[in-house]
Amino acid sequence: MKDIKAIKGKFYIQRLIEEGEHEHQDFKFAISDARKIARSISAFANNDGGHLLIGVKDNGNIAGVRNEEDIYMIEQAAQMYCRPPQNVDITAFKTEGGAIVLRATITKSASRPVKCQEPDGSWKAYYRVKDENILAPGIMIRAWQQQKNSRGQLLSLSPAESHLLQMIESDKVVSIDDYAHSAHISLTTAQDIAVKLAAMDIITFHYNGSQFLLTHTADE
């Protein structure tokens with residue numbers, strides 16, 4: 001067990017709380033399940049990082065953490081229930097009334113996807129969108145896996161690949177199904193092309209509230 005050594009942070013924590021929950025910040029009233037915390041760690045690590053404020057209710061009210069057990073649970077989530085294991089920087093802040101809030105900072109992973117173990121034993125990758133942890137689609141996971149091999153490749157576009165970029169240029173966001181239909185190619189071929197261009201960081205994925213669409217990386 002670790003003793004919680006808190007630094008003064010009343011005004012700093014209040015400023016963070018005033019921002020609300022967003023793409024890089026999540027509130028957690030308490031930690032009862034390390035696997036649930038692992039989902040948040042996966043989601044932040046697969047995006048551009050973020051932090052959890054432990055001891056803060058969804059409405060922004062400060063409840064404080066119970067004891068040092070919460071620190072252990074966060075570390076357990078990052079090391080045991082994330083693959084590859086993640087390093088989480090934990091800082092304790094003393095707020096008004098002596099309540100302690102933990103800030104658990106997760107950085108963007110250099111090796112995506114970061115998967116977390118579900119209660120049924122399966123491993124799944126999440127992605128942070130606004131204030132939600134969304135299950136990452138298979139096509140996004142494939143692009144992450146290919147990313148290392150795509151660095152430094154010379155870009156030579158096929159007619160079908162150029163067609164996708166032209167569609168995005170015109171419509172800003174494009175679904176895989178619409179692209180396959182417009183380019184007169186199979187869905188599998190459309191997915192393969194999207195994976196290739198995403199791995200090369202030419203296009204990226206945009207969540208519209210119900211599905212992931214394709215867009216230019218610069219537009220995201």
# chains A, B, ... in the order shown; residues from 1 in each chain; ligands from 1
>>> residues_around(residues="Leu165 in chain A", least_positions_apart="2", cutoff="10 Å", atoms="only C-alpha atoms", output="PyMOL selection string")
chain A and resi 157+160-163+167-172+174+179+194+197+202-203+214-216
>>> residues_around(residues="range 51-58 of chain A", least_positions_apart="6", cutoff="10 Å", atoms="only C-alpha atoms", output="MDAnalysis selection string")
chainID A and resid 13 16:17 20:21 23:31 37 40:41 44 64:66 70:71 74 88:92 99:107
>>> write_last_selection(atoms="N, CA and C atoms", output="short mmCIF file (atom, residue, chain, number, x, y, z; two decimals), in the first residue's frame")
data_model
loop_
_atom_site.label_atom_id
_atom_site.label_comp_id
_atom_site.auth_asym_id
_atom_site.auth_seq_id
_atom_site.Cartn_x
_atom_site.Cartn_y
_atom_site.Cartn_z
N ILE A 13 -7.47 22.13 -9.22
CA ILE A 13 -8.49 21.10 -9.43
C ILE A 13 -9.82 21.73 -9.79
N LEU A 16 -9.88 22.54 -13.44
CA LEU A 16 -10.08 21.34 -14.26
C LEU A 16 -11.55 20.91 -14.24
N ILE A 17 -12.15 20.95 -13.06
CA ILE A 17 -13.56 20.53 -12.93
C ILE A 17 -14.46 21.45 -13.74
N GLY A 20 -15.23 20.49 -17.21
CA GLY A 20 -16.13 19.37 -17.42
C GLY A 20 -15.42 18.17 -18.02
N GLU A 21 -16.17 17.14 -18.31
CA GLU A 21 -15.60 15.96 -18.96
C GLU A 21 -15.51 16.23 -20.46
N GLU A 23 -12.74 15.24 -24.21
CA GLU A 23 -11.93 14.23 -24.89
C GLU A 23 -10.68 13.84 -24.11
N HIS A 24 -10.19 14.75 -23.28
CA HIS A 24 -8.95 14.48 -22.56
C HIS A 24 -9.13 14.49 -21.04
N GLN A 25 -10.37 14.40 -20.59
CA GLN A 25 -10.62 14.42 -19.14
C GLN A 25 -11.88 13.64 -18.79
N ASP A 26 -11.77 12.85 -17.73
CA ASP A 26 -12.91 12.05 -17.27
C ASP A 26 -12.96 12.10 -15.75
N PHE A 27 -14.17 12.20 -15.19
CA PHE A 27 -14.35 12.19 -13.74
C PHE A 27 -14.70 10.79 -13.27
N LYS A 28 -14.14 10.40 -12.15
CA LYS A 28 -14.48 9.12 -11.52
C LYS A 28 -14.75 9.36 -10.04
N PHE A 29 -15.97 9.07 -9.63
CA PHE A 29 -16.34 9.24 -8.23
C PHE A 29 -15.54 8.30 -7.34
N ALA A 30 -15.43 7.06 -7.74
CA ALA A 30 -14.68 6.06 -6.99
C ALA A 30 -14.26 4.95 -7.94
N ILE A 31 -13.33 4.13 -7.51
CA ILE A 31 -12.87 3.01 -8.31
C ILE A 31 -13.29 1.72 -7.64
N ILE A 37 -11.63 0.95 -15.17
CA ILE A 37 -10.63 2.00 -15.30
C ILE A 37 -9.71 1.70 -16.47
N SER A 40 -10.85 3.26 -19.68
CA SER A 40 -10.51 4.68 -19.83
C SER A 40 -9.04 4.84 -20.20
N ILE A 41 -8.18 4.05 -19.59
CA ILE A 41 -6.75 4.12 -19.90
C ILE A 41 -6.53 3.75 -21.37
N PHE A 44 -7.83 6.71 -23.67
CA PHE A 44 -6.93 7.87 -23.70
C PHE A 44 -5.63 7.53 -24.42
N GLY A 64 -13.78 13.25 -2.98
CA GLY A 64 -12.51 12.81 -2.43
C GLY A 64 -12.35 11.30 -2.54
N VAL A 65 -11.12 10.85 -2.51
CA VAL A 65 -10.87 9.41 -2.58
C VAL A 65 -10.98 8.80 -1.18
N ARG A 66 -11.22 7.51 -1.17
CA ARG A 66 -11.42 6.82 0.11
C ARG A 66 -10.09 6.63 0.84
N ASP A 70 -7.22 3.29 -3.90
CA ASP A 70 -7.53 3.77 -5.24
C ASP A 70 -6.28 3.85 -6.11
N ILE A 71 -5.15 4.22 -5.52
CA ILE A 71 -3.90 4.28 -6.28
C ILE A 71 -3.51 2.88 -6.76
N ILE A 74 -5.67 1.83 -9.73
CA ILE A 74 -5.29 2.46 -10.99
C ILE A 74 -4.06 1.76 -11.59
N VAL A 88 1.06 5.11 -15.79
CA VAL A 88 0.13 6.18 -15.41
C VAL A 88 0.79 7.01 -14.31
N ASP A 89 0.84 8.32 -14.53
CA ASP A 89 1.43 9.23 -13.54
C ASP A 89 0.31 9.71 -12.60
N ILE A 90 0.43 9.41 -11.34
CA ILE A 90 -0.62 9.73 -10.37
C ILE A 90 -0.14 10.81 -9.41
N THR A 91 -0.91 11.90 -9.31
CA THR A 91 -0.61 12.98 -8.38
C THR A 91 -1.84 13.23 -7.52
N ALA A 92 -1.62 13.39 -6.22
CA ALA A 92 -2.72 13.65 -5.28
C ALA A 92 -2.75 15.13 -4.93
N ALA A 99 -10.42 17.29 1.32
CA ALA A 99 -10.68 16.15 0.44
C ALA A 99 -9.53 16.01 -0.56
N ILE A 100 -9.17 14.77 -0.85
CA ILE A 100 -8.07 14.49 -1.77
C ILE A 100 -8.60 13.99 -3.11
N VAL A 101 -8.13 14.61 -4.18
CA VAL A 101 -8.47 14.20 -5.54
C VAL A 101 -7.20 13.70 -6.22
N LEU A 102 -7.31 12.56 -6.89
CA LEU A 102 -6.19 12.01 -7.63
C LEU A 102 -6.29 12.39 -9.10
N ARG A 103 -5.18 12.84 -9.66
CA ARG A 103 -5.11 13.07 -11.11
C ARG A 103 -4.23 11.98 -11.70
N ALA A 104 -4.84 11.11 -12.50
CA ALA A 104 -4.11 10.02 -13.15
C ALA A 104 -3.91 10.39 -14.61
N THR A 105 -2.67 10.66 -15.00
CA THR A 105 -2.37 11.13 -16.35
C THR A 105 -1.91 9.97 -17.23
N ILE A 106 -2.57 9.85 -18.38
CA ILE A 106 -2.25 8.80 -19.35
C ILE A 106 -1.75 9.48 -20.62
N THR A 107 -0.61 9.07 -21.12
CA THR A 107 -0.07 9.66 -22.34
C THR A 107 -0.47 8.83 -23.56
#
>>> atom_distance(atom1="CA of Thr204 in chain A", atom2="CA of Ile139 in chain A")
10.8 Å
>>> select_by_dssp(residues="range 42-188 of chain A", states="helix (DSSP H, G or I)", output="ChimeraX atom specification")
/A:42-46,69-80,96-98,138-150,159-171,176-183,187-188
>>> write_last_selection(atoms="C-alpha atoms", output="CSV table (one decimal), in the first residue's frame")
chain,number,residue,atom,x,y,z
A,42,SER,CA,-7.1,2.3,-23.2
A,43,ALA,CA,-9.3,5.1,-24.7
A,44,PHE,CA,-6.9,7.9,-23.7
A,45,ALA,CA,-3.8,6.0,-24.7
A,46,ASN,CA,-5.3,5.2,-28.2
A,69,GLU,CA,-6.5,1.6,-2.3
A,70,ASP,CA,-7.5,3.8,-5.2
A,71,ILE,CA,-3.9,4.3,-6.3
A,72,TYR,CA,-3.3,0.5,-6.2
A,73,MET,CA,-6.4,0.0,-8.3
A,74,ILE,CA,-5.3,2.5,-11.0
A,75,GLU,CA,-1.9,0.8,-11.2
A,76,GLN,CA,-3.5,-2.6,-11.4
A,77,ALA,CA,-5.7,-1.4,-14.2
A,78,ALA,CA,-2.7,0.0,-16.2
A,79,GLN,CA,-0.3,-2.9,-15.6
A,80,MET,CA,-2.5,-6.0,-15.4
A,96,GLU,CA,-11.3,22.4,-0.1
A,97,GLY,CA,-12.2,20.7,3.2
A,98,GLY,CA,-9.2,18.5,3.1
A,138,GLY,CA,-11.6,-3.1,-36.5
A,139,ILE,CA,-10.5,-0.9,-39.4
A,140,MET,CA,-9.0,1.6,-37.0
A,141,ILE,CA,-7.1,-1.1,-35.1
A,142,ARG,CA,-5.7,-2.5,-38.4
A,143,ALA,CA,-4.5,1.0,-39.3
A,144,TRP,CA,-2.7,1.3,-36.0
A,145,GLN,CA,-1.1,-2.1,-36.4
A,146,GLN,CA,0.2,-1.1,-39.9
A,147,GLN,CA,1.4,2.4,-38.9
A,148,LYS,CA,5.0,1.4,-38.0
A,149,ASN,CA,5.5,-0.3,-41.3
A,150,SER,CA,4.0,2.6,-43.3
A,159,PRO,CA,-7.1,5.3,-59.1
A,160,ALA,CA,-9.3,3.9,-56.3
A,161,GLU,CA,-7.2,5.5,-53.6
A,162,SER,CA,-7.3,8.9,-55.4
A,163,HIS,CA,-11.1,8.5,-55.7
A,164,LEU,CA,-11.4,8.2,-51.9
A,165,LEU,CA,-9.4,11.4,-51.4
A,166,GLN,CA,-11.5,13.2,-53.9
A,167,MET,CA,-14.7,12.1,-52.1
A,168,ILE,CA,-13.3,13.4,-48.8
A,169,GLU,CA,-12.2,16.7,-50.5
A,170,SER,CA,-15.8,17.2,-51.7
A,171,ASP,CA,-17.8,15.8,-48.8
A,176,ILE,CA,-16.7,3.1,-46.1
A,177,ASP,CA,-20.0,1.8,-47.6
A,178,ASP,CA,-20.5,5.0,-49.7
A,179,TYR,CA,-16.9,4.9,-50.8
A,180,ALA,CA,-17.1,1.3,-52.0
A,181,HIS,CA,-20.3,2.0,-53.9
A,182,SER,CA,-19.0,5.1,-55.5
A,183,ALA,CA,-15.6,3.6,-56.5
A,187,LEU,CA,-16.2,-3.5,-49.2
A,188,THR,CA,-13.1,-5.5,-48.4
>>> decode(residues="range 63-151 of chain A", atoms="C-alpha atoms", output="mmCIF file, in the first residue's frame")
data_model
loop_
_atom_site.group_PDB
_atom_site.id
_atom_site.type_symbol
_atom_site.label_atom_id
_atom_site.label_comp_id
_atom_site.auth_asym_id
_atom_site.auth_seq_id
_atom_site.Cartn_x
_atom_site.Cartn_y
_atom_site.Cartn_z
ATOM 1 C CA ALA A 63 -16.172 13.629 -2.942
ATOM 2 C CA GLY A 64 -12.512 12.806 -2.431
ATOM 3 C CA VAL A 65 -10.871 9.409 -2.578
ATOM 4 C CA ARG A 66 -11.415 6.824 0.115
ATOM 5 C CA ASN A 67 -7.821 5.765 0.757
ATOM 6 C CA GLU A 68 -4.609 4.662 -0.929
ATOM 7 C CA GLU A 69 -6.450 1.619 -2.295
ATOM 8 C CA ASP A 70 -7.534 3.769 -5.244
ATOM 9 C CA ILE A 71 -3.896 4.284 -6.276
ATOM 10 C CA TYR A 72 -3.321 0.537 -6.223
ATOM 11 C CA MET A 73 -6.447 -0.035 -8.341
ATOM 12 C CA ILE A 74 -5.287 2.457 -10.992
ATOM 13 C CA GLU A 75 -1.864 0.842 -11.203
ATOM 14 C CA GLN A 76 -3.462 -2.598 -11.375
ATOM 15 C CA ALA A 77 -5.685 -1.428 -14.233
ATOM 16 C CA ALA A 78 -2.721 -0.033 -16.178
ATOM 17 C CA GLN A 79 -0.316 -2.914 -15.605
ATOM 18 C CA MET A 80 -2.517 -6.018 -15.370
ATOM 19 C CA TYR A 81 -5.568 -5.178 -17.466
ATOM 20 C CA CYS A 82 -3.981 -3.179 -20.315
ATOM 21 C CA ARG A 83 -1.958 -4.747 -23.137
ATOM 22 C CA PRO A 84 0.667 -3.492 -23.614
ATOM 23 C CA PRO A 85 0.906 -2.320 -19.992
ATOM 24 C CA GLN A 86 0.709 1.454 -19.579
ATOM 25 C CA ASN A 87 2.502 3.857 -17.259
ATOM 26 C CA VAL A 88 0.135 6.185 -15.409
ATOM 27 C CA ASP A 89 1.428 9.231 -13.536
ATOM 28 C CA ILE A 90 -0.623 9.727 -10.367
ATOM 29 C CA THR A 91 -0.615 12.984 -8.384
ATOM 30 C CA ALA A 92 -2.716 13.648 -5.283
ATOM 31 C CA PHE A 93 -4.135 17.116 -4.646
ATOM 32 C CA LYS A 94 -5.616 18.411 -1.403
ATOM 33 C CA THR A 95 -8.765 20.417 -2.073
ATOM 34 C CA GLU A 96 -11.317 22.356 -0.063
ATOM 35 C CA GLY A 97 -12.205 20.738 3.249
ATOM 36 C CA GLY A 98 -9.175 18.484 3.064
ATOM 37 C CA ALA A 99 -10.682 16.152 0.436
ATOM 38 C CA ILE A 100 -8.066 14.494 -1.769
ATOM 39 C CA VAL A 101 -8.472 14.199 -5.540
ATOM 40 C CA LEU A 102 -6.186 12.007 -7.628
ATOM 41 C CA ARG A 103 -5.109 13.071 -11.110
ATOM 42 C CA ALA A 104 -4.112 10.022 -13.147
ATOM 43 C CA THR A 105 -2.369 11.127 -16.349
ATOM 44 C CA ILE A 106 -2.254 8.801 -19.350
ATOM 45 C CA THR A 107 -0.069 9.664 -22.342
ATOM 46 C CA LYS A 108 -0.665 8.722 -25.967
ATOM 47 C CA SER A 109 0.786 5.270 -26.525
ATOM 48 C CA ALA A 110 3.665 4.849 -28.956
ATOM 49 C CA SER A 111 2.387 1.334 -29.626
ATOM 50 C CA ARG A 112 -1.287 1.245 -30.519
ATOM 51 C CA PRO A 113 -3.709 -0.386 -30.132
ATOM 52 C CA VAL A 114 -3.769 -0.483 -26.346
ATOM 53 C CA LYS A 115 -6.304 -3.131 -25.405
ATOM 54 C CA CYS A 116 -7.965 -3.785 -22.059
ATOM 55 C CA GLN A 117 -9.301 -7.023 -20.651
ATOM 56 C CA GLU A 118 -13.073 -7.338 -20.439
ATOM 57 C CA PRO A 119 -14.840 -9.252 -17.628
ATOM 58 C CA ASP A 120 -15.302 -12.205 -20.018
ATOM 59 C CA GLY A 121 -11.529 -12.394 -20.553
ATOM 60 C CA SER A 122 -11.518 -10.916 -24.075
ATOM 61 C CA TRP A 123 -9.261 -8.010 -25.030
ATOM 62 C CA LYS A 124 -10.742 -4.909 -26.693
ATOM 63 C CA ALA A 125 -9.446 -1.483 -27.706
ATOM 64 C CA TYR A 126 -11.246 1.751 -26.888
ATOM 65 C CA TYR A 127 -10.963 5.276 -28.243
ATOM 66 C CA ARG A 128 -11.858 8.545 -26.508
ATOM 67 C CA VAL A 129 -14.466 10.658 -28.322
ATOM 68 C CA LYS A 130 -15.682 13.794 -26.531
ATOM 69 C CA ASP A 131 -16.686 12.506 -23.087
ATOM 70 C CA GLU A 132 -17.142 8.860 -24.051
ATOM 71 C CA ASN A 133 -14.996 5.754 -24.368
ATOM 72 C CA ILE A 134 -15.995 4.220 -27.714
ATOM 73 C CA LEU A 135 -15.109 0.701 -28.829
ATOM 74 C CA ALA A 136 -12.523 1.129 -31.589
ATOM 75 C CA PRO A 137 -13.642 -0.407 -34.907
ATOM 76 C CA GLY A 138 -11.563 -3.145 -36.492
ATOM 77 C CA ILE A 139 -10.519 -0.946 -39.404
ATOM 78 C CA MET A 140 -8.997 1.605 -36.998
ATOM 79 C CA ILE A 141 -7.144 -1.136 -35.128
ATOM 80 C CA ARG A 142 -5.714 -2.467 -38.389
ATOM 81 C CA ALA A 143 -4.471 1.014 -39.310
ATOM 82 C CA TRP A 144 -2.696 1.345 -35.953
ATOM 83 C CA GLN A 145 -1.079 -2.050 -36.403
ATOM 84 C CA GLN A 146 0.209 -1.118 -39.860
ATOM 85 C CA GLN A 147 1.372 2.359 -38.898
ATOM 86 C CA LYS A 148 4.952 1.439 -37.993
ATOM 87 C CA ASN A 149 5.463 -0.336 -41.327
ATOM 88 C CA SER A 150 4.023 2.599 -43.274
ATOM 89 C CA ARG A 151 6.462 5.258 -42.080
#
